[in-house]
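This is target-v6.txt (compact mmCIF, C-alpha atoms).
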# COMPACT_ATOMS: atom_id res chain seq x y z
CA MET A 1023 -69.29 12.44 19.52
CA ARG A 1024 -71.22 14.46 16.90
CA TRP A 1025 -73.44 11.47 16.13
CA TRP A 1026 -73.94 10.80 19.83
CA SER A 1027 -74.94 14.42 20.43
CA VAL A 1028 -77.43 14.37 17.55
CA ALA A 1029 -78.92 11.11 18.84
CA ASN A 1030 -79.24 12.51 22.35
CA PHE A 1031 -80.91 15.66 21.06
CA VAL A 1032 -83.52 13.58 19.24
CA SER A 1033 -84.04 11.38 22.30
CA ASN A 1034 -84.34 14.33 24.69
CA ALA A 1035 -86.82 16.07 22.41
CA GLY A 1036 -88.94 12.91 22.31
CA THR A 1037 -88.74 12.39 26.07
CA TRP A 1038 -89.75 15.96 26.89
CA MET A 1039 -92.56 15.73 24.35
CA GLN A 1040 -93.88 12.70 26.21
CA LEU A 1041 -93.37 14.23 29.66
CA THR A 1042 -95.26 17.34 28.60
CA VAL A 1043 -98.41 15.34 27.85
CA GLN A 1044 -98.00 12.51 30.36
CA ASN A 1045 -99.57 14.20 33.38
CA LEU A 1046 -102.47 15.40 31.26
CA LEU A 1047 -102.97 11.84 30.05
CA VAL A 1048 -103.08 10.50 33.61
CA LEU A 1049 -105.61 13.14 34.58
CA GLN A 1050 -107.66 12.32 31.50
CA ILE A 1051 -107.73 8.60 32.33
CA THR A 1052 -108.23 8.78 36.10
CA GLY A 1053 -109.55 12.28 36.76
CA SER A 1054 -107.44 12.26 39.93
CA ALA A 1055 -104.52 14.51 40.84
CA ALA A 1056 -103.49 11.94 43.46
CA ALA A 1057 -103.18 9.30 40.73
CA THR A 1058 -100.94 11.65 38.76
CA GLY A 1059 -98.62 12.02 41.73
CA LEU A 1060 -98.71 8.28 42.33
CA SER A 1061 -97.65 7.53 38.76
CA MET A 1062 -94.65 9.85 39.15
CA SER A 1063 -93.71 8.18 42.44
CA VAL A 1064 -94.01 4.69 40.94
CA GLN A 1065 -91.67 5.67 38.13
CA ALA A 1066 -89.16 7.25 40.54
CA ALA A 1067 -89.26 4.48 43.16
CA PRO A 1068 -86.95 2.03 41.29
CA ALA A 1069 -84.21 4.68 41.22
CA LEU A 1070 -84.44 4.96 44.99
CA LEU A 1071 -84.30 1.21 45.57
CA ILE A 1072 -82.20 -0.40 42.83
CA SER A 1073 -80.03 2.32 41.23
CA VAL A 1074 -76.96 0.81 42.90
CA PHE A 1075 -77.65 -2.50 41.15
CA GLY A 1076 -78.20 -0.75 37.83
CA GLY A 1077 -74.83 0.96 38.21
CA ALA A 1078 -73.18 -2.38 38.99
CA ALA A 1079 -74.70 -3.82 35.82
CA VAL A 1080 -73.21 -0.96 33.80
CA ASP A 1081 -69.76 -1.72 35.26
CA ARG A 1082 -70.12 -5.43 34.52
CA TRP A 1083 -71.61 -5.45 30.99
CA PRO A 1084 -70.25 -3.97 27.73
CA ARG A 1085 -71.31 -0.33 27.81
CA LYS A 1086 -72.41 0.07 24.19
CA LEU A 1087 -74.49 -3.11 24.30
CA THR A 1088 -76.03 -2.10 27.63
CA ALA A 1089 -77.01 1.36 26.36
CA ALA A 1090 -78.42 -0.02 23.08
CA VAL A 1091 -80.54 -2.66 24.86
CA SER A 1092 -81.85 -0.21 27.46
CA GLN A 1093 -82.78 2.33 24.78
CA THR A 1094 -84.60 -0.38 22.83
CA LEU A 1095 -86.54 -1.45 25.92
CA LEU A 1096 -87.56 2.14 26.66
CA GLY A 1097 -88.71 2.45 23.05
CA ALA A 1098 -90.78 -0.70 23.43
CA VAL A 1099 -92.47 0.74 26.55
CA ALA A 1100 -93.25 3.98 24.69
CA PHE A 1101 -94.73 2.08 21.72
CA THR A 1102 -96.81 -0.10 24.04
CA THR A 1103 -98.21 2.98 25.75
CA ALA A 1104 -98.97 4.59 22.38
CA LEU A 1105 -100.82 1.47 21.22
CA LEU A 1106 -102.89 1.24 24.41
CA VAL A 1107 -103.78 4.95 24.17
CA ALA A 1108 -104.74 4.62 20.51
CA LEU A 1109 -106.97 1.61 21.28
CA ASP A 1110 -108.40 3.32 24.38
CA ARG A 1111 -107.23 0.38 26.53
CA LEU A 1112 -104.91 2.20 28.91
CA ASP A 1113 -106.22 1.93 32.48
CA LEU A 1114 -104.66 2.80 35.84
CA THR A 1115 -103.17 -0.66 36.42
CA SER A 1116 -101.39 -0.86 33.06
CA LEU A 1117 -100.27 2.73 33.47
CA MET A 1118 -98.59 1.96 36.79
CA VAL A 1119 -96.96 -1.19 35.42
CA LEU A 1120 -95.52 0.72 32.45
CA ALA A 1121 -94.29 3.48 34.77
CA ALA A 1122 -92.55 0.93 37.01
CA VAL A 1123 -90.91 -0.80 34.03
CA THR A 1124 -89.68 2.55 32.73
CA GLY A 1125 -88.19 3.34 36.13
CA VAL A 1126 -86.40 -0.01 36.34
CA VAL A 1127 -84.87 0.28 32.86
CA ALA A 1128 -83.83 3.88 33.56
CA THR A 1129 -81.66 2.75 36.48
CA VAL A 1130 -79.39 1.06 33.92
CA ASP A 1131 -79.95 3.39 30.97
CA GLY A 1132 -78.99 6.59 32.83
CA PRO A 1133 -75.44 5.67 33.90
CA ALA A 1134 -74.82 3.64 30.73
CA CYS A 1135 -75.60 6.53 28.38
CA SER A 1136 -73.80 9.08 30.56
CA LEU A 1137 -70.58 7.07 30.67
CA LEU A 1138 -70.81 6.03 27.02
CA GLY A 1139 -70.54 9.67 25.98
CA ASN A 1140 -67.43 10.05 28.14
CA ASP A 1141 -65.87 6.95 26.57
CA LEU A 1142 -65.86 8.67 23.17
CA VAL A 1143 -63.40 11.43 24.10
CA PRO A 1144 -59.95 11.67 25.75
CA PRO A 1145 -59.92 12.27 29.53
CA GLU A 1146 -59.03 15.95 29.23
CA ASP A 1147 -62.14 16.54 27.11
CA ILE A 1148 -64.64 14.82 29.42
CA PRO A 1149 -65.76 18.04 31.20
CA SER A 1150 -66.37 19.61 27.80
CA ALA A 1151 -68.29 16.54 26.62
CA ILE A 1152 -70.48 16.74 29.74
CA GLY A 1153 -71.12 20.40 28.96
CA VAL A 1154 -72.15 19.49 25.42
CA GLY A 1155 -74.50 16.89 26.89
CA ALA A 1156 -76.08 19.54 29.14
CA LEU A 1157 -76.53 21.83 26.14
CA VAL A 1158 -78.16 19.02 24.17
CA HIS A 1159 -80.45 18.27 27.13
CA GLN A 1160 -81.62 21.88 27.45
CA SER A 1161 -82.12 22.25 23.70
CA GLY A 1162 -84.06 18.99 23.53
CA ARG A 1163 -86.21 20.15 26.43
CA LEU A 1164 -87.22 23.34 24.61
CA THR A 1165 -87.81 21.54 21.32
CA GLY A 1166 -89.79 18.70 22.89
CA ALA A 1167 -92.06 21.04 24.85
CA ALA A 1168 -92.74 23.05 21.70
CA LEU A 1169 -93.43 19.96 19.58
CA ALA A 1170 -95.74 18.44 22.19
CA GLY A 1171 -98.53 20.93 21.62
CA VAL A 1172 -98.28 20.63 17.84
CA THR A 1173 -98.17 16.84 17.89
CA VAL A 1174 -101.08 16.42 20.29
CA GLY A 1175 -103.12 19.08 18.51
CA PHE A 1176 -102.80 17.53 15.07
CA LEU A 1177 -102.09 13.83 15.70
CA GLY A 1178 -103.26 13.07 19.26
CA THR A 1179 -101.63 11.95 22.51
CA ALA A 1180 -100.64 8.52 21.19
CA ALA A 1181 -98.48 10.19 18.54
CA ALA A 1182 -96.32 11.82 21.24
CA TYR A 1183 -95.55 8.41 22.77
CA ALA A 1184 -94.90 6.90 19.33
CA ALA A 1185 -92.51 9.74 18.47
CA ASN A 1186 -90.66 9.14 21.73
CA GLY A 1187 -90.41 5.44 20.89
CA LEU A 1188 -88.89 6.29 17.52
CA SER A 1189 -86.37 8.58 19.21
CA PHE A 1190 -85.21 5.72 21.46
CA LEU A 1191 -84.81 3.41 18.47
CA PHE A 1192 -82.81 6.09 16.66
CA VAL A 1193 -80.34 6.24 19.56
CA ALA A 1194 -80.11 2.43 19.68
CA SER A 1195 -79.36 2.33 15.95
CA VAL A 1196 -76.59 4.93 16.25
CA ILE A 1197 -74.75 3.32 19.19
CA PRO A 1198 -73.14 0.40 17.25
CA PHE A 1199 -71.47 2.86 14.87
CA LEU A 1200 -69.88 5.09 17.54
CA ARG A 1201 -66.09 5.19 17.40
CA PRO A 1202 -64.05 6.66 20.28
CA ALA A 1203 -61.53 9.39 19.59
CA ARG A 1204 -57.82 8.65 19.71
CA GLY A 1205 -56.70 8.04 23.30
CA ALA A 1206 -60.18 7.37 24.67
CA VAL A 1207 -60.25 3.56 24.31
CA ARG A 1208 -57.20 2.96 26.42
CA THR A 1209 -58.34 5.21 29.27
CA ALA A 1210 -61.95 4.08 29.53
CA GLY A 1211 -62.98 0.86 27.87
CA ALA A 1212 -59.68 -0.97 28.26
CA ALA A 1213 -59.42 -0.06 31.92
CA VAL A 1214 -62.90 -1.39 32.61
CA ARG A 1215 -62.24 -4.61 30.72
CA GLY A 1216 -58.97 -5.11 32.55
CA ARG A 1217 -60.64 -4.62 35.88
CA ARG A 1218 -63.35 -7.15 34.97
CA ALA A 1219 -60.70 -9.71 34.20
CA THR A 1220 -59.17 -9.39 37.67
CA ASP A 1221 -62.31 -8.74 39.72
CA GLY A 1222 -65.28 -10.85 38.79
CA ALA A 1223 -67.32 -9.82 41.80
CA MET A 1224 -68.02 -6.22 40.70
CA SER A 1225 -69.92 -5.90 43.95
CA VAL A 1226 -72.41 -3.20 44.80
CA ARG A 1227 -70.77 -2.90 48.22
CA GLU A 1228 -67.50 -1.77 46.63
CA GLY A 1229 -69.25 1.19 45.01
CA LEU A 1230 -71.03 2.11 48.23
CA ALA A 1231 -67.79 1.92 50.19
CA PHE A 1232 -65.92 4.08 47.71
CA PHE A 1233 -68.64 6.73 47.79
CA ALA A 1234 -68.85 6.74 51.60
CA ARG A 1235 -65.07 7.05 52.03
CA ARG A 1236 -64.55 9.76 49.42
CA PRO A 1237 -64.71 13.23 51.06
CA ARG A 1238 -65.03 14.99 47.68
CA LEU A 1239 -68.11 13.00 46.74
CA LEU A 1240 -69.68 13.43 50.18
CA ALA A 1241 -69.10 17.19 49.97
CA LEU A 1242 -70.59 17.24 46.47
CA ALA A 1243 -73.61 15.34 47.77
CA GLY A 1244 -74.05 17.85 50.59
CA VAL A 1245 -73.82 20.88 48.29
CA THR A 1246 -76.17 19.36 45.73
CA GLY A 1247 -78.62 18.19 48.39
CA VAL A 1248 -79.05 21.53 50.14
CA SER A 1249 -79.38 23.26 46.75
CA ALA A 1250 -81.96 20.75 45.55
CA VAL A 1251 -84.13 21.05 48.67
CA PHE A 1252 -84.04 24.81 49.25
CA GLY A 1253 -83.55 25.99 45.66
CA ARG A 1254 -83.74 24.68 42.11
CA ASN A 1255 -87.49 23.97 42.28
CA TYR A 1256 -88.18 27.21 40.47
CA GLN A 1257 -91.18 25.80 38.63
CA LEU A 1258 -92.85 25.71 42.05
CA THR A 1259 -91.53 28.78 43.86
CA LEU A 1260 -91.49 31.18 40.92
CA ALA A 1261 -94.92 30.03 39.77
CA VAL A 1262 -96.39 31.02 43.14
CA LEU A 1263 -94.39 34.27 43.23
CA VAL A 1264 -95.45 35.33 39.73
CA THR A 1265 -99.13 34.47 40.08
CA GLY A 1266 -99.34 35.70 43.69
CA PRO A 1267 -97.35 38.70 44.96
CA LEU A 1268 -96.40 39.91 41.45
CA ALA A 1269 -99.99 39.55 40.19
CA GLY A 1270 -99.02 37.89 36.93
CA GLY A 1271 -100.80 35.18 34.98
CA ALA A 1272 -99.98 31.98 33.15
CA GLY A 1273 -98.48 33.99 30.30
CA SER A 1274 -96.12 35.79 32.66
CA PHE A 1275 -94.95 32.52 34.18
CA GLY A 1276 -94.46 31.14 30.66
CA THR A 1277 -92.09 34.05 30.00
CA VAL A 1278 -90.19 33.28 33.21
CA SER A 1279 -89.93 29.61 32.21
CA THR A 1280 -88.58 30.59 28.79
CA VAL A 1281 -85.91 32.78 30.38
CA LEU A 1282 -84.98 29.92 32.72
CA ALA A 1283 -84.55 27.58 29.75
CA ALA A 1284 -82.50 30.16 27.84
CA GLY A 1285 -80.27 30.66 30.88
CA GLY A 1286 -79.81 26.91 31.11
CA ILE A 1287 -78.56 26.81 27.52
CA VAL A 1288 -76.14 29.69 28.12
CA GLY A 1289 -74.89 28.00 31.28
CA ALA A 1290 -74.37 24.72 29.43
CA VAL A 1291 -72.23 26.51 26.82
CA LEU A 1292 -70.14 28.12 29.57
CA GLY A 1293 -69.93 24.85 31.49
CA ALA A 1294 -68.54 23.11 28.42
CA ARG A 1295 -65.48 25.40 28.67
CA LEU A 1296 -64.55 24.13 32.14
CA ARG A 1297 -61.27 22.23 32.03
CA ARG A 1298 -60.71 21.50 35.74
CA PRO A 1299 -64.08 21.38 37.53
CA SER A 1300 -63.95 20.80 41.29
CA VAL A 1301 -66.24 20.59 44.31
CA ARG A 1302 -64.97 24.03 45.36
CA VAL A 1303 -66.21 25.48 42.06
CA VAL A 1304 -69.56 23.71 42.44
CA GLY A 1305 -69.96 25.06 45.98
CA ALA A 1306 -69.04 28.62 45.02
CA LEU A 1307 -71.53 28.60 42.14
CA ALA A 1308 -74.27 27.08 44.30
CA ALA A 1309 -73.71 29.74 46.99
CA ALA A 1310 -73.85 32.46 44.33
CA GLY A 1311 -77.09 30.95 43.04
CA GLY A 1312 -78.51 31.05 46.58
CA LEU A 1313 -77.72 34.75 46.92
CA LEU A 1314 -79.28 35.48 43.52
CA GLN A 1315 -82.35 33.58 44.71
CA VAL A 1316 -82.56 35.92 47.72
CA VAL A 1317 -82.53 38.95 45.42
CA ALA A 1318 -85.17 37.33 43.21
CA GLY A 1319 -87.38 36.84 46.25
CA LEU A 1320 -87.17 40.58 46.90
CA SER A 1321 -88.13 41.51 43.31
CA PRO A 1322 -90.74 44.29 43.35
CA SER A 1323 -91.93 43.62 39.80
CA LEU A 1324 -91.94 41.02 37.05
CA ALA A 1325 -89.35 42.98 35.05
CA VAL A 1326 -86.86 42.86 37.93
CA LEU A 1327 -87.55 39.14 38.42
CA LEU A 1328 -86.82 38.43 34.75
CA VAL A 1329 -83.48 40.23 35.09
CA MET A 1330 -82.57 38.02 38.06
CA VAL A 1331 -83.87 34.76 36.63
CA LEU A 1332 -81.37 34.67 33.77
CA PRO A 1333 -78.18 34.67 35.91
CA MET A 1334 -79.85 32.26 38.34
CA ALA A 1335 -80.38 29.76 35.53
CA VAL A 1336 -76.87 30.31 34.13
CA VAL A 1337 -75.20 29.74 37.52
CA GLU A 1338 -77.34 26.65 38.17
CA SER A 1339 -76.49 25.14 34.79
CA VAL A 1340 -72.73 25.73 35.13
CA SER A 1341 -72.81 24.33 38.68
CA ASP A 1342 -74.66 21.22 37.50
CA THR A 1343 -72.19 20.69 34.65
CA ALA A 1344 -69.20 21.04 36.98
CA GLY A 1345 -70.76 18.69 39.54
CA THR A 1346 -71.52 16.07 36.92
CA ALA A 1347 -67.94 16.27 35.63
CA VAL A 1348 -66.57 15.69 39.15
CA LEU A 1349 -68.96 12.80 39.75
CA GLN A 1350 -68.08 11.05 36.49
CA THR A 1351 -64.32 11.59 36.56
CA ASP A 1352 -63.36 11.29 40.25
CA PRO A 1353 -63.99 7.50 40.62
CA PRO A 1354 -61.71 5.06 38.77
CA PRO A 1355 -63.21 3.76 35.50
CA HIS A 1356 -64.18 0.36 36.91
CA LEU A 1357 -66.30 2.00 39.66
CA ARG A 1358 -68.01 4.82 37.79
CA GLY A 1359 -71.21 2.94 37.03
CA ARG A 1360 -71.71 1.97 40.66
CA VAL A 1361 -70.92 5.47 41.90
CA LEU A 1362 -73.51 6.86 39.48
CA GLY A 1363 -75.92 4.24 40.80
CA VAL A 1364 -75.37 5.43 44.38
CA TRP A 1365 -75.82 9.00 43.21
CA GLY A 1366 -79.09 8.05 41.52
CA SER A 1367 -80.48 6.71 44.79
CA VAL A 1368 -79.36 9.78 46.73
CA GLY A 1369 -80.70 12.15 44.07
CA THR A 1370 -84.08 10.43 44.13
CA VAL A 1371 -84.35 11.19 47.85
CA TRP A 1372 -83.83 14.88 47.07
CA SER A 1373 -86.27 14.91 44.17
CA LEU A 1374 -88.98 13.23 46.23
CA GLY A 1375 -88.37 15.09 49.49
CA GLY A 1376 -87.46 18.53 48.14
CA PRO A 1377 -90.84 19.69 46.76
CA PRO A 1378 -92.86 18.75 49.90
CA ALA A 1379 -90.28 20.43 52.16
CA LEU A 1380 -90.26 23.52 49.99
CA GLY A 1381 -94.04 23.52 49.85
CA LEU A 1382 -94.20 23.45 53.65
CA LEU A 1383 -91.74 26.35 53.80
CA MET A 1384 -93.94 28.29 51.37
CA GLU A 1385 -96.98 27.61 53.53
CA LEU A 1386 -95.16 29.06 56.54
CA ALA A 1387 -93.29 31.96 54.92
CA GLY A 1388 -94.95 32.58 51.56
CA ALA A 1389 -93.29 32.55 48.13
CA ARG A 1390 -90.96 35.46 48.88
CA GLY A 1391 -90.04 34.10 52.29
CA ALA A 1392 -89.30 30.64 50.86
CA LEU A 1393 -86.99 32.06 48.18
CA ILE A 1394 -85.18 34.32 50.64
CA ALA A 1395 -84.88 31.75 53.44
CA GLY A 1396 -83.90 28.99 51.01
CA GLY A 1397 -81.20 31.13 49.39
CA LEU A 1398 -79.76 32.12 52.77
CA ILE A 1399 -79.74 28.50 53.93
CA ILE A 1400 -77.90 27.43 50.76
CA ALA A 1401 -75.27 30.18 50.94
CA GLY A 1402 -74.88 29.86 54.72
CA SER A 1403 -74.51 26.07 54.69
CA ILE A 1404 -71.89 26.14 51.95
CA GLY A 1405 -70.02 28.99 53.63
CA ALA A 1406 -70.00 27.09 56.93
CA GLY A 1407 -68.67 24.04 55.14
CA TYR A 1408 -65.78 26.04 53.67
CA VAL A 1409 -64.92 27.46 57.11
CA LEU A 1410 -64.93 24.02 58.75
CA ARG A 1411 -62.85 22.60 55.92
CA ALA A 1412 -60.28 25.38 56.28
CA ARG A 1413 -60.00 24.85 60.05
CA ARG A 1414 -59.51 21.10 59.83
CA PRO A 1415 -55.86 20.30 60.68
CA ALA A 1416 -53.76 18.58 58.08
CA GLU A 1417 -53.06 14.90 58.76
CA ALA A 1418 -49.46 13.92 59.41
CA VAL A 1419 -47.98 11.50 56.88
CA PRO A 1420 -45.40 9.07 58.33
CA VAL A 1421 -42.11 8.99 56.46
CA ALA A 1422 -38.98 6.91 56.92
CA PRO A 1423 -35.82 8.36 58.57
CA PRO A 1424 -32.78 8.59 56.28
CA ALA A 1425 -30.85 5.80 58.03
CA ALA A 1426 -33.74 3.32 58.37
CA PRO A 1427 -33.22 -0.25 57.18
CA GLU A 1428 -34.50 -1.13 53.73
CA ALA A 1429 -37.55 -3.13 54.96
CA ALA A 1430 -38.65 -0.35 57.32
CA THR A 1431 -38.17 2.20 54.55
CA ARG A 1432 -40.42 0.25 52.21
CA ALA A 1433 -43.09 -0.11 54.90
CA ALA A 1434 -43.02 3.61 55.69
CA LEU A 1435 -43.16 4.58 52.03
CA GLY A 1436 -46.09 2.22 51.55
CA THR A 1437 -47.93 3.89 54.44
CA ALA A 1438 -47.21 7.34 52.99
CA ALA A 1439 -48.45 6.26 49.56

This structure in structure tokens:
Amino acid sequence: MRWWSVANFVSNAGTWMQLTVQNLLVLQITGSAAATGLSMSVQAAPALLISVFGGAAVDRWPRKLTAAVSQTLLGAVAFTTALLVALDRLDLTSLMVLAAVTGVVATVDGPACSLLGNDLVPPEDIPSAIGVGALVHQSGRLTGAALAGVTVGFLGTAAAYAANGLSFLFVASVIPFLRPARGAVRTAGAAVRGRRATDGAMSVREGLAFFARRPRLLALAGVTGVSAVFGRNYQLTLAVLVTGPLAGGAGSFGTVSTVLAAGGIVGAVLGARLRRPSVRVVGALAAAGGLLQVVAGLSPSLAVLLVMVLPMAVVESVSDTAGTAVLQTDPPPHLRGRVLGVWGSVGTVWSLGGPPALGLLMELAGARGALIAGGLIIAGSIGAGYVLRARRPAEAVPVAPPAAPEAATRAALGTAA
């Protein structure tokens, strides 16, 4: 797990280094903001369309091999981009093709790497391992963003892509040497292999059906969806609030972004201490985050906003960690890849639809109004869900009478089970 965490830190730093300069590269090549948005949509589109198939592939194939191959392919795409940039041969067509290939590979790489980390620890430590992964992600994000400016300034844009390619190859080289902790093999890998032996179909439909019939996962999707649409997009809402009503500049928003990142790291540390995460915990944290967002929208000054931003980021990070733990531990081992695939498709809808919806709300109500209205919608929706859940009557479970014949008793007990 230590080696896996180090590898993920290196990979995240390389990825965020590339993401930091990618939009600038697209603008430099095309001179069009629309082309920049199109490249992001092309890369995200495969997750919307084929994530369920990527998750099925993760359930069917050996996890370590799948993760190593996907990381190698992503490294090859990064090296190809670096070479084309260095030779000044990267045009819009090749850029879109590379973005699409990256999106396709990511539909397999995402669930494979997520579940591989869980396979290394016993079941009771999975929430903690997910928290460690969130901490590594946030730390890699800060490091990658900081290294991007230095790398581009001294070595050029191609060097950022080449560094990201090396980070993918480093992860691929570490994966074959990972050894699960005692008790982890039997609960994860063996269960998946046993299921493969008895169910060769490994159908996508089975994952979709499980997700649709699981109230906990549907509730988690609802909580995460309303939070993603009306909150979370702080890089958009807070940027407008800081540079508009609070009369700050780019430097002030940079300070806010730094506090957000620091809060994310603190939240990841706290999230790693969760032992029994649940949808109820996720909902309570998301509602609290919505109320904090309301207070942030009322901030009279930048100093007050900075005070509110830190707990907002902490609550968001802990909520995300708890939600990820529920998502990755609630399904049985043989279905987890497909459930993550379904989640990837659903999450892509939020990521694509959330910013335009929030932007429209900001046009109608302004930055303060969007933060306040969005926070109230989040807290109100989750509160209404809790009330409806509490009022729902408990379902009667049929049981056998004491004097029932043996066959009827078995049938009744089977129904109860």

Env of Ala1079 of chain A: 9 Å cut, atoms = all atoms listed in the file, seq-sep filter 4 positions within chain, self excluded. Answer as a PyMOL selection string.
chain A and resi 1074-1075+1083+1088+1130+1224+1359-1360

8 Å contact set for Val1158 of chain A, only C-alpha atoms, chain neighbours under 3 positions out, as a PyMOL selection string
chain A and resi 1027+1030-1031+1034+1154-1155+1161-1162

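For the set A:Gly1171, A:Gly1293, A:Gly1270, A:Pro1237, the residue with the smallest atom-to-atom gap to Ala1347 of chain A is A:Gly1293, counting all atoms listed in the file.
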
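Candidate residues A:Val1032, A:Leu1191, A:Ala1306, A:Leu1282 were compared for distance to Leu1095 of chain A, and the nearest is A:Leu1191, using only C-alpha atoms.
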
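For Val1288 of chain A, the non-local neighbours within 10 Å, defined as residues at least 4 positions apart in the same chain or in other chains and counting all atoms listed in the file, are Leu1157, Gln1160, Leu1282, Ala1283, Ala1284, Leu1292, Gly1293, Leu1332, Pro1333, Ala1335, Val1336, Val1337, Ser1339 and Val1340 of chain A.
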
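Rounded to one decimal, atom CA of Glu1146 of chain A and atom CA of Arg1298 of chain A lie 8.7 Å from each other.
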
Given the choices A:Val1361, A:Ala1379, A:Leu1070, A:Ile1404, which gets closest to Phe1233 of chain A if the distance is worked out from all atoms listed in the file?
A:Val1361

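Shortest atom-to-atom contact with Gly1175 of chain A among A:Val1251, A:Leu1258, A:Val1043, A:Val1301: A:Val1043, counting all atoms listed in the file.
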
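Distance annotation: of A:Gly1276, A:Gly1097, A:Gly1391, A:Pro1378, the residue with the minimal separation from Ser1195 of chain A is A:Gly1097; atom set is all atoms listed in the file.
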
For Gln1350 of chain A, work out the shell of residues within 8 Å, counting all atoms listed in the file and skipping chain neighbours fewer than 6 positions away, then give it as number ranges by chain.
A: 1137, 1358, 1362

Show which residues sit within 12 Å of Val1080 of chain A, as a PyMOL selection string. Count all atoms listed in the file, and ignore same-chain residues fewer than 5 positions away.
chain A and resi 1073-1075+1085-1092+1127-1138+1211+1214-1215+1218+1224-1226+1355-1363

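Coordinates place atom CA of Ile1287 of chain A at a distance of 25.6 Å from atom CA of Ala1203 of chain A.
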